[in-house]
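> This is work_27.cif, which holds mmCIF, C-alpha atoms and all ligand atoms:
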data_data
loop_
_atom_site.label_atom_id
_atom_site.label_comp_id
_atom_site.auth_asym_id
_atom_site.auth_seq_id
_atom_site.Cartn_x
_atom_site.Cartn_y
_atom_site.Cartn_z
CA MET A 1 114.78 64.89 145.08
CA THR A 2 118.00 64.73 147.03
CA THR A 3 119.63 68.17 146.62
CA ASP A 4 118.67 71.60 147.91
CA PHE A 5 117.45 72.53 144.42
CA LYS A 6 114.50 74.95 144.33
CA PRO A 7 112.34 74.29 141.25
CA ASP A 8 110.59 77.08 139.37
CA TYR A 9 107.04 75.76 139.68
CA SER A 10 105.65 78.13 137.07
CA PHE A 11 107.42 76.00 134.46
CA GLU A 12 105.33 72.99 135.51
CA SER A 13 102.22 74.51 133.90
CA ILE A 14 104.03 74.96 130.59
CA ARG A 15 103.79 71.20 130.02
CA GLU A 16 100.04 71.53 129.62
CA GLU A 17 100.60 73.47 126.41
CA PHE A 18 102.55 70.67 124.71
CA PRO A 19 100.00 68.04 123.65
CA ILE A 20 102.61 65.36 122.93
CA LEU A 21 103.79 65.36 126.55
CA LYS A 22 100.45 63.81 127.53
CA ARG A 23 100.94 60.68 125.43
CA GLU A 24 101.98 57.23 126.54
CA VAL A 25 104.80 55.71 124.49
CA HIS A 26 104.09 52.15 125.69
CA PRO A 27 100.89 50.94 127.40
CA GLY A 28 100.79 52.69 130.77
CA VAL A 29 104.21 54.30 130.24
CA PRO A 30 104.17 58.10 129.84
CA LEU A 31 106.66 59.93 127.63
CA THR A 32 109.70 61.51 129.28
CA TYR A 33 111.14 63.60 126.47
CA LEU A 34 114.87 64.27 126.93
CA ASP A 35 115.88 64.72 123.30
CA SER A 36 115.28 68.42 122.66
CA ALA A 37 118.79 68.97 121.30
CA ALA A 38 117.71 66.74 118.38
CA THR A 39 114.38 68.51 117.99
CA SER A 40 112.05 70.29 120.38
CA GLN A 41 108.38 69.54 120.96
CA LYS A 42 105.76 72.05 119.75
CA PRO A 43 103.27 74.01 121.85
CA ILE A 44 99.62 74.09 120.82
CA HIS A 45 100.03 77.74 119.68
CA VAL A 46 102.48 76.70 116.96
CA ILE A 47 100.36 73.75 115.82
CA GLU A 48 97.24 75.96 115.70
CA ALA A 49 98.98 78.80 113.83
CA MET A 50 99.97 76.40 111.05
CA ASP A 51 96.56 74.73 111.03
CA HIS A 52 94.88 78.15 110.81
CA TYR A 53 97.07 79.10 107.83
CA TYR A 54 96.14 75.97 105.86
CA ARG A 55 92.43 76.26 106.72
CA ASN A 56 92.11 79.97 105.98
CA THR A 57 94.92 81.46 103.95
CA ASN A 58 96.94 78.91 101.97
CA ALA A 59 98.47 80.72 98.97
CA ASN A 60 101.82 81.31 97.37
CA ILE A 61 103.61 84.50 98.40
CA HIS A 62 105.09 87.54 96.60
CA ARG A 63 103.24 86.48 93.43
CA GLY A 64 99.47 86.93 93.55
CA VAL A 65 97.43 90.10 93.99
CA HIS A 66 94.46 88.22 95.42
CA MET A 67 93.52 88.48 99.09
CA LEU A 68 94.87 85.10 100.12
CA ALA A 69 98.26 85.77 98.50
CA GLU A 70 98.46 89.15 100.20
CA GLU A 71 97.59 87.67 103.59
CA ALA A 72 100.13 84.86 103.14
CA THR A 73 102.85 87.33 102.10
CA PHE A 74 102.06 89.58 105.05
CA SER A 75 102.24 86.70 107.55
CA TYR A 76 105.46 85.33 106.03
CA GLU A 77 107.17 88.73 106.21
CA GLN A 78 105.81 89.27 109.72
CA ALA A 79 107.58 86.04 110.77
CA ARG A 80 110.81 87.45 109.36
CA GLU A 81 110.33 90.61 111.47
CA LYS A 82 109.77 88.48 114.58
CA VAL A 83 113.00 86.55 113.97
CA ALA A 84 114.90 89.80 113.41
CA ARG A 85 113.63 91.28 116.69
CA PHE A 86 114.30 88.04 118.57
CA ILE A 87 118.02 88.03 117.71
CA GLY A 88 118.49 91.82 117.72
CA ALA A 89 119.15 92.12 113.97
CA ASN A 90 119.35 95.60 112.49
CA LYS A 91 116.76 94.94 109.79
CA PRO A 92 114.37 92.13 108.80
CA LYS A 93 116.12 91.86 105.43
CA GLU A 94 119.20 90.54 107.23
CA VAL A 95 117.16 87.40 108.01
CA ILE A 96 117.21 84.79 105.23
CA PHE A 97 114.86 81.84 105.54
CA THR A 98 116.53 78.52 104.68
CA ARG A 99 115.56 74.92 105.42
CA ASN A 100 117.74 74.58 108.53
CA THR A 101 121.15 75.35 110.10
CA THR A 102 122.80 72.89 107.73
CA GLU A 103 121.49 74.67 104.65
CA SER A 104 122.44 78.08 106.09
CA ILE A 105 126.05 76.98 106.55
CA ASN A 106 126.15 75.33 103.13
CA LEU A 107 124.80 78.57 101.64
CA LEU A 108 127.71 80.41 103.25
CA ALA A 109 130.31 77.86 102.15
CA TYR A 110 129.03 78.03 98.56
CA THR A 111 128.81 81.81 98.35
CA LEU A 112 131.92 82.70 100.39
CA GLY A 113 133.75 80.14 98.24
CA ARG A 114 132.82 82.26 95.22
CA SER A 115 133.67 85.62 96.78
CA LEU A 116 135.86 85.93 99.87
CA LEU A 117 137.88 82.71 99.94
CA LYS A 118 140.84 81.97 97.66
CA PRO A 119 143.12 78.91 97.29
CA GLY A 120 145.47 78.52 100.25
CA ASP A 121 143.27 80.55 102.64
CA LEU A 122 142.95 79.36 106.23
CA VAL A 123 139.54 78.53 107.72
CA VAL A 124 139.44 78.01 111.49
CA LEU A 125 136.83 75.69 113.01
CA THR A 126 136.78 73.84 116.35
CA GLU A 127 137.10 70.19 117.37
CA MET A 128 133.61 70.29 118.86
CA GLU A 129 131.72 71.14 115.65
CA HIS A 130 128.62 69.35 114.45
CA HIS A 131 129.16 67.76 111.02
CA SER A 132 127.06 70.61 109.57
CA ASN A 133 129.85 73.04 110.40
CA LEU A 134 132.62 70.69 109.25
CA VAL A 135 131.60 68.91 106.06
CA PRO A 136 130.58 72.03 104.03
CA TRP A 137 134.06 73.48 104.70
CA GLN A 138 135.76 70.17 103.90
CA MET A 139 133.83 70.07 100.60
CA LEU A 140 134.87 73.64 99.82
CA ALA A 141 138.46 72.96 100.88
CA GLN A 142 138.64 70.14 98.32
CA VAL A 143 137.52 72.45 95.51
CA LEU A 144 139.42 75.59 96.55
CA ASN A 145 142.44 74.00 98.22
CA LEU A 146 141.74 75.76 101.52
CA ARG A 147 143.57 74.99 104.76
CA LEU A 148 141.37 73.88 107.67
CA GLU A 149 142.61 74.19 111.26
CA PHE A 150 140.86 73.55 114.54
CA ILE A 151 140.67 75.19 117.94
CA ARG A 152 141.49 72.31 120.30
CA ILE A 153 139.26 71.20 123.15
CA THR A 154 140.45 70.49 126.66
CA ASP A 155 139.83 67.22 128.51
CA ASP A 156 136.95 68.85 130.36
CA GLY A 157 135.25 70.02 127.17
CA MET A 158 136.23 73.68 126.92
CA LEU A 159 137.76 75.42 123.92
CA ASP A 160 141.51 75.81 124.35
CA LEU A 161 141.81 79.52 123.63
CA ASP A 162 145.63 79.35 123.61
CA SER A 163 145.41 77.11 120.55
CA TYR A 164 143.05 79.74 119.03
CA ASP A 165 145.60 82.49 119.66
CA GLN A 166 148.22 80.40 117.85
CA LEU A 167 145.92 79.93 114.84
CA LEU A 168 145.13 83.64 114.70
CA LYS A 169 148.83 84.30 114.08
CA GLN A 170 148.36 82.52 110.74
CA ASN A 171 145.79 85.14 109.62
CA PRO A 172 142.67 83.05 109.00
CA LYS A 173 140.13 84.44 106.53
CA LEU A 174 137.21 82.82 108.33
CA VAL A 175 136.41 81.59 111.84
CA SER A 176 133.28 79.43 112.15
CA PHE A 177 132.26 77.86 115.47
CA THR A 178 129.34 76.64 117.53
CA GLN A 179 128.10 78.86 120.33
CA MET A 180 126.94 75.80 122.25
CA SER A 181 128.09 72.20 121.77
CA ASN A 182 125.32 69.69 121.04
CA VAL A 183 127.33 66.99 122.86
CA LEU A 184 129.27 68.66 125.66
CA GLY A 185 126.73 71.39 126.33
CA THR A 186 129.65 73.83 126.59
CA ILE A 187 128.64 77.45 126.05
CA ASN A 188 131.60 78.97 124.24
CA PRO A 189 132.83 82.54 124.86
CA ALA A 190 131.44 83.67 121.51
CA GLN A 191 131.96 87.40 122.06
CA GLU A 192 135.65 86.90 122.87
CA ILE A 193 136.21 84.52 119.94
CA ILE A 194 134.57 86.97 117.54
CA LYS A 195 136.43 90.00 118.92
CA LYS A 196 139.79 88.28 118.42
CA ALA A 197 138.82 87.13 114.92
CA LYS A 198 137.83 90.69 113.99
CA GLU A 199 141.08 92.12 115.33
CA ASN A 200 142.80 89.75 112.93
CA GLY A 201 140.55 90.65 109.99
CA ALA A 202 138.65 87.33 109.82
CA VAL A 203 134.97 86.93 108.95
CA THR A 204 132.98 85.11 111.67
CA ILE A 205 130.15 82.59 111.51
CA VAL A 206 128.29 81.41 114.62
CA ASP A 207 126.46 78.09 114.57
CA GLY A 208 123.54 79.02 116.82
CA ALA A 209 121.59 75.76 116.39
CA GLN A 210 121.88 74.94 120.10
CA SER A 211 122.28 78.42 121.58
CA VAL A 212 119.50 80.50 120.02
CA PRO A 213 116.76 78.16 121.36
CA HIS A 214 118.13 78.14 124.91
CA ILE A 215 119.91 81.37 125.88
CA PRO A 216 119.32 85.04 125.04
CA VAL A 217 121.28 85.79 121.85
CA ASN A 218 121.79 89.25 120.40
CA VAL A 219 123.76 89.28 117.16
CA LYS A 220 124.76 92.94 117.53
CA GLN A 221 126.12 92.35 121.03
CA LEU A 222 128.02 89.29 119.80
CA GLY A 223 129.50 91.30 116.94
CA ALA A 224 129.23 88.32 114.57
CA ASP A 225 129.06 88.54 110.78
CA PHE A 226 126.77 85.54 110.23
CA MET A 227 124.67 83.22 112.37
CA ALA A 228 122.75 80.05 111.52
CA PHE A 229 119.95 78.29 113.42
CA SER A 230 116.90 76.03 112.97
CA ALA A 231 113.25 76.61 113.94
CA HIS A 232 112.61 72.97 114.86
CA LYS A 233 114.97 73.16 117.86
CA MET A 234 113.14 76.21 119.26
CA LEU A 235 109.51 75.03 119.42
CA GLY A 236 108.93 75.73 115.72
CA PRO A 237 108.27 73.37 112.82
CA LEU A 238 110.71 71.24 110.87
CA GLY A 239 111.85 72.48 107.46
CA ILE A 240 112.65 76.13 108.16
CA GLY A 241 115.82 77.73 109.46
CA VAL A 242 117.65 81.03 109.41
CA LEU A 243 120.77 82.54 108.05
CA TRP A 244 121.30 85.94 109.61
CA GLY A 245 124.05 88.11 108.15
CA ARG A 246 125.18 91.72 108.33
CA GLU A 247 123.52 93.58 105.48
CA GLU A 248 126.71 94.82 103.84
CA LEU A 249 128.19 91.31 103.80
CA LEU A 250 125.03 89.67 102.46
CA GLU A 251 125.01 92.34 99.72
CA GLU A 252 128.52 91.30 98.69
CA LEU A 253 127.75 87.59 98.40
CA PRO A 254 126.56 86.08 95.12
CA PRO A 255 123.19 84.28 95.15
CA PHE A 256 123.02 80.61 96.19
CA LEU A 257 120.13 78.81 94.46
CA GLY A 258 118.72 80.11 91.16
CA GLY A 259 115.02 80.19 90.25
CA GLY A 260 111.82 82.08 91.02
CA ASP A 261 111.68 84.97 93.52
CA MET A 262 115.46 85.50 93.67
CA ILE A 263 115.52 87.36 90.32
CA LYS A 264 114.74 90.88 89.13
CA LYS A 265 115.02 90.40 85.34
CA VAL A 266 115.58 87.21 83.39
CA TYR A 267 116.74 87.06 79.77
CA LEU A 268 117.42 83.92 77.78
CA ARG A 269 121.12 83.99 78.58
CA SER A 270 121.40 86.08 81.74
CA PHE A 271 119.59 87.44 84.77
CA THR A 272 119.81 90.15 87.41
CA TYR A 273 119.11 89.23 90.99
CA ASN A 274 116.61 90.52 93.51
CA ASP A 275 117.26 92.64 96.61
CA LEU A 276 117.83 91.16 100.07
CA PRO A 277 116.44 88.95 101.48
CA HIS A 278 114.79 87.54 98.33
CA LYS A 279 118.15 87.16 96.56
CA PHE A 280 118.78 84.10 98.75
CA GLU A 281 115.24 82.68 98.79
CA ALA A 282 114.74 80.92 95.46
CA GLY A 283 111.50 79.04 94.83
CA THR A 284 108.32 78.78 96.86
CA PRO A 285 109.29 78.96 100.54
CA ALA A 286 107.88 77.14 103.56
CA VAL A 287 105.10 79.64 104.31
CA ALA A 288 103.15 77.68 106.93
CA GLU A 289 106.44 76.82 108.60
CA ALA A 290 107.46 80.49 108.74
CA ILE A 291 104.12 81.30 110.39
CA GLY A 292 104.60 78.45 112.88
CA PHE A 293 108.12 79.71 113.53
CA GLY A 294 106.73 83.18 114.24
CA ALA A 295 104.29 81.67 116.75
CA ALA A 296 107.19 79.78 118.40
CA ILE A 297 109.13 83.02 118.76
CA ASP A 298 106.09 84.72 120.30
CA TYR A 299 105.92 81.85 122.78
CA LEU A 300 109.62 81.98 123.68
CA SER A 301 109.60 85.77 123.95
CA SER A 302 106.57 85.86 126.21
CA THR A 303 108.07 83.15 128.43
CA GLY A 304 111.37 85.07 128.49
CA MET A 305 114.70 83.71 127.25
CA ASP A 306 116.37 84.75 130.53
CA ARG A 307 113.90 82.66 132.51
CA ILE A 308 114.27 79.71 130.14
CA ALA A 309 118.07 79.81 130.47
CA ILE A 310 117.84 79.90 134.28
CA HIS A 311 115.32 77.05 134.32
CA GLU A 312 117.66 74.91 132.19
CA GLN A 313 120.64 75.87 134.36
CA ASN A 314 118.73 74.55 137.38
CA LEU A 315 117.85 71.34 135.55
CA ILE A 316 121.39 70.65 134.33
CA LYS A 317 122.89 71.32 137.77
CA TYR A 318 120.50 68.83 139.33
CA ALA A 319 121.03 66.30 136.51
CA ILE A 320 124.81 66.42 136.75
CA ASP A 321 124.72 66.08 140.54
CA GLU A 322 122.52 63.02 140.26
CA LEU A 323 124.28 61.43 137.26
CA GLN A 324 127.62 61.69 139.07
CA LYS A 325 126.29 59.42 141.81
CA ILE A 326 125.89 56.48 139.38
CA ASP A 327 128.84 54.05 139.48
CA GLY A 328 130.76 53.76 136.21
CA LEU A 329 129.01 56.77 134.62
CA HIS A 330 131.28 59.37 133.01
CA ILE A 331 129.91 62.75 131.97
CA LEU A 332 131.42 64.51 128.95
CA GLY A 333 131.96 68.23 129.15
CA PRO A 334 132.45 70.95 131.73
CA ASP A 335 130.93 71.94 135.06
CA ALA A 336 127.17 72.59 134.97
CA SER A 337 127.72 76.33 135.38
CA LEU A 338 129.55 76.44 132.02
CA ARG A 339 126.97 74.58 129.95
CA GLY A 340 123.42 74.55 128.68
CA GLY A 341 120.87 71.80 129.24
CA VAL A 342 122.79 68.94 127.63
CA ALA A 343 124.37 65.97 129.43
CA SER A 344 126.16 63.29 127.38
CA PHE A 345 127.71 60.37 129.19
CA THR A 346 129.13 56.87 128.89
CA LEU A 347 128.55 53.91 131.19
CA ASP A 348 131.44 51.50 131.70
CA GLY A 349 130.96 48.33 129.67
CA ILE A 350 127.49 49.25 128.37
CA HIS A 351 126.90 50.40 124.80
CA PRO A 352 124.95 53.68 124.48
CA HIS A 353 122.41 52.00 122.18
CA ASP A 354 121.66 49.42 124.89
CA VAL A 355 121.29 52.24 127.41
CA ALA A 356 118.89 54.13 125.14
CA GLN A 357 116.86 51.00 124.44
CA ILE A 358 116.28 50.24 128.10
CA LEU A 359 115.45 53.91 128.79
CA ASP A 360 112.93 53.76 125.94
CA GLY A 361 111.24 50.85 127.71
CA ASP A 362 110.65 53.29 130.59
CA GLY A 363 109.25 55.87 128.16
CA ILE A 364 112.41 57.99 128.13
CA ALA A 365 113.56 59.49 124.83
CA VAL A 366 117.31 60.18 124.72
CA ARG A 367 119.78 60.08 121.85
CA ALA A 368 122.55 57.50 121.54
CA GLY A 369 125.41 57.55 119.04
CA HIS A 370 127.88 60.16 117.85
CA HIS A 371 125.26 62.95 117.65
CA CYS A 372 126.70 64.07 114.27
CA ALA A 373 129.97 64.95 116.00
CA MET A 374 132.31 62.06 115.19
CA PRO A 375 135.59 64.02 115.52
CA LEU A 376 134.52 65.18 118.97
CA HIS A 377 133.96 61.58 120.07
CA ASP A 378 137.34 60.63 118.51
CA ARG A 379 138.90 63.36 120.66
CA TYR A 380 137.73 61.49 123.77
CA ASN A 381 138.52 58.06 122.30
CA ILE A 382 134.92 56.87 122.49
CA PRO A 383 132.75 55.72 119.58
CA ALA A 384 129.48 57.01 121.01
CA SER A 385 127.66 58.41 124.02
CA THR A 386 124.16 58.68 125.46
CA ARG A 387 122.72 62.19 125.58
CA ALA A 388 119.90 63.65 127.67
CA SER A 389 118.91 67.18 126.71
CA PHE A 390 116.41 69.52 128.31
CA TYR A 391 114.09 72.36 127.43
CA LEU A 392 111.60 74.64 129.11
CA TYR A 393 108.97 71.87 129.42
CA ASN A 394 111.26 69.52 131.36
CA THR A 395 111.06 69.17 135.12
CA ILE A 396 113.03 67.76 138.03
CA ASN A 397 110.66 64.80 137.90
CA ASP A 398 111.90 64.01 134.35
CA ILE A 399 115.43 63.82 135.69
CA ASP A 400 114.37 61.63 138.61
CA VAL A 401 112.72 59.26 136.10
CA LEU A 402 115.96 59.20 134.06
CA ILE A 403 118.14 58.49 137.07
CA LYS A 404 115.86 55.68 138.28
CA SER A 405 115.92 54.08 134.84
CA LEU A 406 119.72 54.43 134.54
CA LYS A 407 120.08 52.60 137.85
CA ARG A 408 117.98 49.82 136.29
CA VAL A 409 120.35 49.77 133.28
CA VAL A 410 123.35 49.35 135.57
CA LYS A 411 121.58 46.55 137.45
CA ILE A 412 120.63 44.70 134.24
CA PHE A 413 124.17 44.82 132.85
CA GLY A 414 125.60 44.09 136.29
N1 LIG A 501 121.94 68.70 115.96
C1 LIG A 501 121.44 66.85 117.42
O1 LIG A 501 120.78 65.86 117.76
P1 LIG A 501 119.87 70.96 111.41
O2 LIG A 501 119.86 69.46 111.34
O3 LIG A 501 120.35 71.57 110.13
O4 LIG A 501 118.59 71.54 111.91
O5 LIG A 501 120.94 71.35 112.54
C2 LIG A 501 122.27 70.95 112.37
C3 LIG A 501 123.07 71.27 113.59
C4 LIG A 501 124.10 72.19 113.49
N2 LIG A 501 124.81 72.55 114.55
C5 LIG A 501 124.59 72.04 115.77
C6 LIG A 501 125.40 72.50 116.93
C7 LIG A 501 123.57 71.09 115.94
O6 LIG A 501 123.35 70.58 117.13
C8 LIG A 501 122.80 70.67 114.82
C9 LIG A 501 121.76 69.63 114.95
C10 LIG A 501 120.96 67.66 116.24
O7 LIG A 501 122.45 67.20 118.02
C11 LIG A 501 120.63 66.80 115.06
S1 LIG A 501 122.01 65.96 114.40
#
Written as structure tokens, that's how I'd like the structure from this file.

Amino acid sequence: MTTDFKPDYSFESIREEFPILKREVHPGVPLTYLDSAATSQKPIHVIEAMDHYYRNTNANIHRGVHMLAEEATFSYEQAREKVARFIGANKPKEVIFTRNTTESINLLAYTLGRSLLKPGDLVVLTEMEHHSNLVPWQMLAQVLNLRLEFIRITDDGMLDLDSYDQLLKQNPKLVSFTQMSNVLGTINPAQEIIKKAKENGAVTIVDGAQSVPHIPVNVKQLGADFMAFSAHKMLGPLGIGVLWGREELLEELPPFLGGGDMIKKVYLRSFTYNDLPHKFEAGTPAVAEAIGFGAAIDYLSSTGMDRIAIHEQNLIKYAIDELQKIDGLHILGPDASLRGGVASFTLDGIHPHDVAQILDGDGIAVRAGHHCAMPLHDRYNIPASTRASFYLYNTINDIDVLIKSLKRVVKIFG
């Protein structure tokens, strides 16, 4: 270690609770997992909660009167309550379980497209969006003839709020943006963006896929109308995500998918739909995954989101300091103090896939490519980047391993 960084040693012991961190990825080469922005690893508590469900309870929910069905329903609804508390929602019924952030945003595009939005309406997004918060709106724009405009990003990876002010003068109906960029790491001033949107009468959607796992998020404090995020990026299982929405807005939206559980009465030619949240949860849901998600939230809450955010702040500061010392390495995005635990970079003359391949030889998992944010990479005139991303189980040693391996990459490619 070469800076005056003071590590939080209590985070070292957390690694013990993540079984996968003990494995070797090549003979004699331990795993250094720096790809948590893609998906996080799972603590033993989450794995055991899901295992316990399948060994002891497995049943469909909201349908049976037998003991197993009642237990499964109770645990599923308890997970919803945990999510609601975690994000400061008013009521559990404001939490809709979906498959992931992508499905949550598609749900909104589909239902807002059938209620709020009309041909010619303006939807404001940003240039730093993940494809999941671009393509659903592009698809809807094709059908409804909407106008899409974008808050610009500055050369150092911040939102250009002057360009936002200009767009607000055109009275957008909807403003949808990421709270934290999965490439730049930038933490956007969500409260300010939402406040301005509200003053101009626009509905707001926050893509919380990268923020909810890493920083304390309170939807009431933010003042947002809707927020989307995924369990798998916050220590929970794959296959379950959340759409949170203000009750009165969710009430106004039409249902999304049709089928079991989302109905009240069905006739041969018509139906009436169920109350929130069931109106948006058609078909048998991911019950074990909801229970695992609940266990993940217990884990994050007991660790403390404030502490996790500070730990990641320390890691990213150290990482950026060290990365900057490598010749020909260019970091995308703002100063460490303005971002979460994500560092994407390019190396002069070396393709990100070659970088990632050599790092993999040293047991290091990073992501290389466009990270599902092609327009963002276009903005910086680069086809791809290499991304290292951190979570509560990462340590200064992980970063030292990364830096050593990157120096090897530079040496190999001369
Ligand atoms: N980003 C990454 O490696 P899903 O795939 O639906 O769980 O999450 C989509 C999504 C939406 N918004 C943001 C800001 C995201 O980062 C992601 C997922 C991963 O960056 C996988 S592409």
> Around all the atoms of ligand LIG 501 (chain A) listed in the file, draw an axis-aligned box and extend it by 4 Å on each of the six sides; I want its centre and edge lengths in Å to one decimal, as lines of an AutoDock Vina configuration file.

center_x = 122.0
center_y = 69.2
center_z = 114.1
size_x = 14.8
size_y = 14.7
size_z = 15.9
> Rounded to one decimal, what separation in Å do you get between atom CA of Gly333 of chain A and atom CA of Ile308 of chain A?
21.1 Å
> What does the distance between atom CA of Gly185 of chain A and atom CA of Val203 of chain A come to in Å, to one decimal place?
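Between atom CA of Gly185 of chain A and atom CA of Val203 of chain A the gap works out to 24.7 Å.
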> Each residue of segment 267-320 of chain A lying at most 7 Å from segment 83-97 of chain A should get a row with its shortest atom-to-atom pair and the distance in Å to one decimal, counting all atoms listed in the file; could you produce that, ordered by chain and increasing number, as JSON lines?

{"residue": "A:Leu276", "atom": "CA", "partner": "A:Lys93", "partner_atom": "CA", "distance": 5.7}
{"residue": "A:Pro277", "atom": "CA", "partner": "A:Lys93", "partner_atom": "CA", "distance": 4.9}
{"residue": "A:Phe280", "atom": "CA", "partner": "A:Ile96", "partner_atom": "CA", "distance": 6.7}
{"residue": "A:Glu281", "atom": "CA", "partner": "A:Phe97", "partner_atom": "CA", "distance": 6.8}
> Kindly provide the residues of chain A that approach ligand LIG 501 (chain A) to within 6 Å, each paired with its closest atom pair and their distance in Å to one decimal, based on all atoms listed in the file, listed by chain and increasing number, as CSV.

residue,atom,partner,partner_atom,distance
A:Ala37,CA,A:LIG501,O1,5.1
A:Ala38,CA,A:LIG501,O1,3.3
A:Asn100,CA,A:LIG501,O3,4.3
A:Thr101,CA,A:LIG501,O3,3.9
A:Thr102,CA,A:LIG501,O3,3.7
A:His130,CA,A:LIG501,N2,5.0
A:Ser132,CA,A:LIG501,C4,5.2
A:Thr178,CA,A:LIG501,C6,5.7
A:Ser181,CA,A:LIG501,C6,5.5
A:Asn182,CA,A:LIG501,O6,4.5
A:Asp207,CA,A:LIG501,N2,5.8
A:Ala209,CA,A:LIG501,C5,4.8
A:Gln210,CA,A:LIG501,C6,5.3
A:Ser230,CA,A:LIG501,O4,4.9
A:His371,CA,A:LIG501,O7,5.1
A:Cys372,CA,A:LIG501,S1,5.1
> Of the candidates A:Ile47, A:Ala141, A:Ala79, A:Val212, which one gets nearest to Met227 of chain A if we count all atoms listed in the file?
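Selected residue with least distance to Met227 of chain A: A:Val212.
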> Go through A:Lys404, A:His131, A:His351, A:Lys411 one by one, measure the shortest atom-to-atom distance of each to Pro375 of chain A using only C-alpha atoms, and give the residue with the smallest value.
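Looking at the shortest contact to Pro375 of chain A, the residue is A:His131.
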> In terms of the shortest atom-to-atom distance over all atoms listed in the file, which of A:Leu117, A:Ala224, A:Leu125, A:Ala109 is closest to Asn145 of chain A?
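Closest candidate: A:Leu117.
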> List the neighbours of segment 18-22 of chain A out to 6 Å using only C-alpha atoms; skip same-chain residues closer than 3 positions along the sequence, and give me the result as a ChimeraX atom specification.
/A:15,43-44
> For the atom pair atom CA of Val401 of chain A and atom CA of Met234 of chain A, what is the interatomic distance in Å to one decimal place?
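These two atoms are separated by 23.9 Å.
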> Hey, which of A:Tyr76, A:Trp244, A:Phe150, A:Phe390 ends up closest to Gln166 of chain A? Count only C-alpha atoms.
A:Phe150
> Fewer than 4 positions away in the same chain doesn't count, so skip those; otherwise give me all residues within 9 Å of segment 151-163 of chain A, counting all atoms listed in the file, as JSON, numbers by chain.
{"A": [124, 125, 126, 127, 128, 167, 168, 184, 185, 186, 187, 188, 189, 193, 332, 333, 334, 335, 338, 376, 379, 380]}
> For Val183 of chain A, which residue out of A:Val143, A:Leu402, A:Ile358, A:Ile331 is the nearest one, using all atoms listed in the file?
A:Ile331
> So that I can look at just that part, could you write segment 61-70 of chain A with N, CA, C and O atoms, as a PDB file, in the first residue's frame?

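This went into out01.pdb:
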ATOM      1  N   ILE A  61     -47.733 -19.763  -3.679  1.00  0.00           N
ATOM      2  CA  ILE A  61     -48.244 -18.796  -2.694  1.00  0.00           C
ATOM      3  C   ILE A  61     -49.625 -18.273  -3.083  1.00  0.00           C
ATOM      4  O   ILE A  61     -50.033 -18.403  -4.234  1.00  0.00           O
ATOM      5  N   HIS A  62     -50.302 -17.646  -2.126  1.00  0.00           N
ATOM      6  CA  HIS A  62     -51.603 -16.990  -2.324  1.00  0.00           C
ATOM      7  C   HIS A  62     -52.666 -17.947  -2.857  1.00  0.00           C
ATOM      8  O   HIS A  62     -53.694 -17.527  -3.328  1.00  0.00           O
ATOM      9  N   ARG A  63     -52.410 -19.255  -2.869  1.00  0.00           N
ATOM     10  CA  ARG A  63     -53.361 -20.160  -3.516  1.00  0.00           C
ATOM     11  C   ARG A  63     -53.863 -21.236  -2.563  1.00  0.00           C
ATOM     12  O   ARG A  63     -55.053 -21.463  -2.464  1.00  0.00           O
ATOM     13  N   GLY A  64     -52.922 -21.900  -1.848  1.00  0.00           N
ATOM     14  CA  GLY A  64     -53.323 -23.042  -1.043  1.00  0.00           C
ATOM     15  C   GLY A  64     -53.734 -22.628   0.357  1.00  0.00           C
ATOM     16  O   GLY A  64     -53.404 -21.524   0.818  1.00  0.00           O
ATOM     17  N   VAL A  65     -54.487 -23.507   1.044  1.00  0.00           N
ATOM     18  CA  VAL A  65     -54.771 -23.243   2.454  1.00  0.00           C
ATOM     19  C   VAL A  65     -53.921 -24.143   3.337  1.00  0.00           C
ATOM     20  O   VAL A  65     -53.980 -24.066   4.548  1.00  0.00           O
ATOM     21  N   HIS A  66     -53.121 -25.025   2.708  1.00  0.00           N
ATOM     22  CA  HIS A  66     -52.326 -25.938   3.531  1.00  0.00           C
ATOM     23  C   HIS A  66     -51.140 -25.202   4.169  1.00  0.00           C
ATOM     24  O   HIS A  66     -50.800 -24.093   3.760  1.00  0.00           O
ATOM     25  N   MET A  67     -50.562 -25.851   5.162  1.00  0.00           N
ATOM     26  CA  MET A  67     -49.518 -25.208   5.981  1.00  0.00           C
ATOM     27  C   MET A  67     -48.346 -24.696   5.152  1.00  0.00           C
ATOM     28  O   MET A  67     -47.865 -23.575   5.345  1.00  0.00           O
ATOM     29  N   LEU A  68     -47.889 -25.532   4.205  1.00  0.00           N
ATOM     30  CA  LEU A  68     -46.726 -25.114   3.423  1.00  0.00           C
ATOM     31  C   LEU A  68     -47.038 -23.851   2.624  1.00  0.00           C
ATOM     32  O   LEU A  68     -46.231 -22.922   2.554  1.00  0.00           O
ATOM     33  N   ALA A  69     -48.240 -23.819   2.021  1.00  0.00           N
ATOM     34  CA  ALA A  69     -48.619 -22.648   1.207  1.00  0.00           C
ATOM     35  C   ALA A  69     -48.704 -21.406   2.090  1.00  0.00           C
ATOM     36  O   ALA A  69     -48.304 -20.314   1.681  1.00  0.00           O
ATOM     37  N   GLU A  70     -49.214 -21.583   3.296  1.00  0.00           N
ATOM     38  CA  GLU A  70     -49.330 -20.428   4.197  1.00  0.00           C
ATOM     39  C   GLU A  70     -47.956 -19.929   4.630  1.00  0.00           C
ATOM     40  O   GLU A  70     -47.701 -18.731   4.666  1.00  0.00           O
TER      41      GLU A  70
END
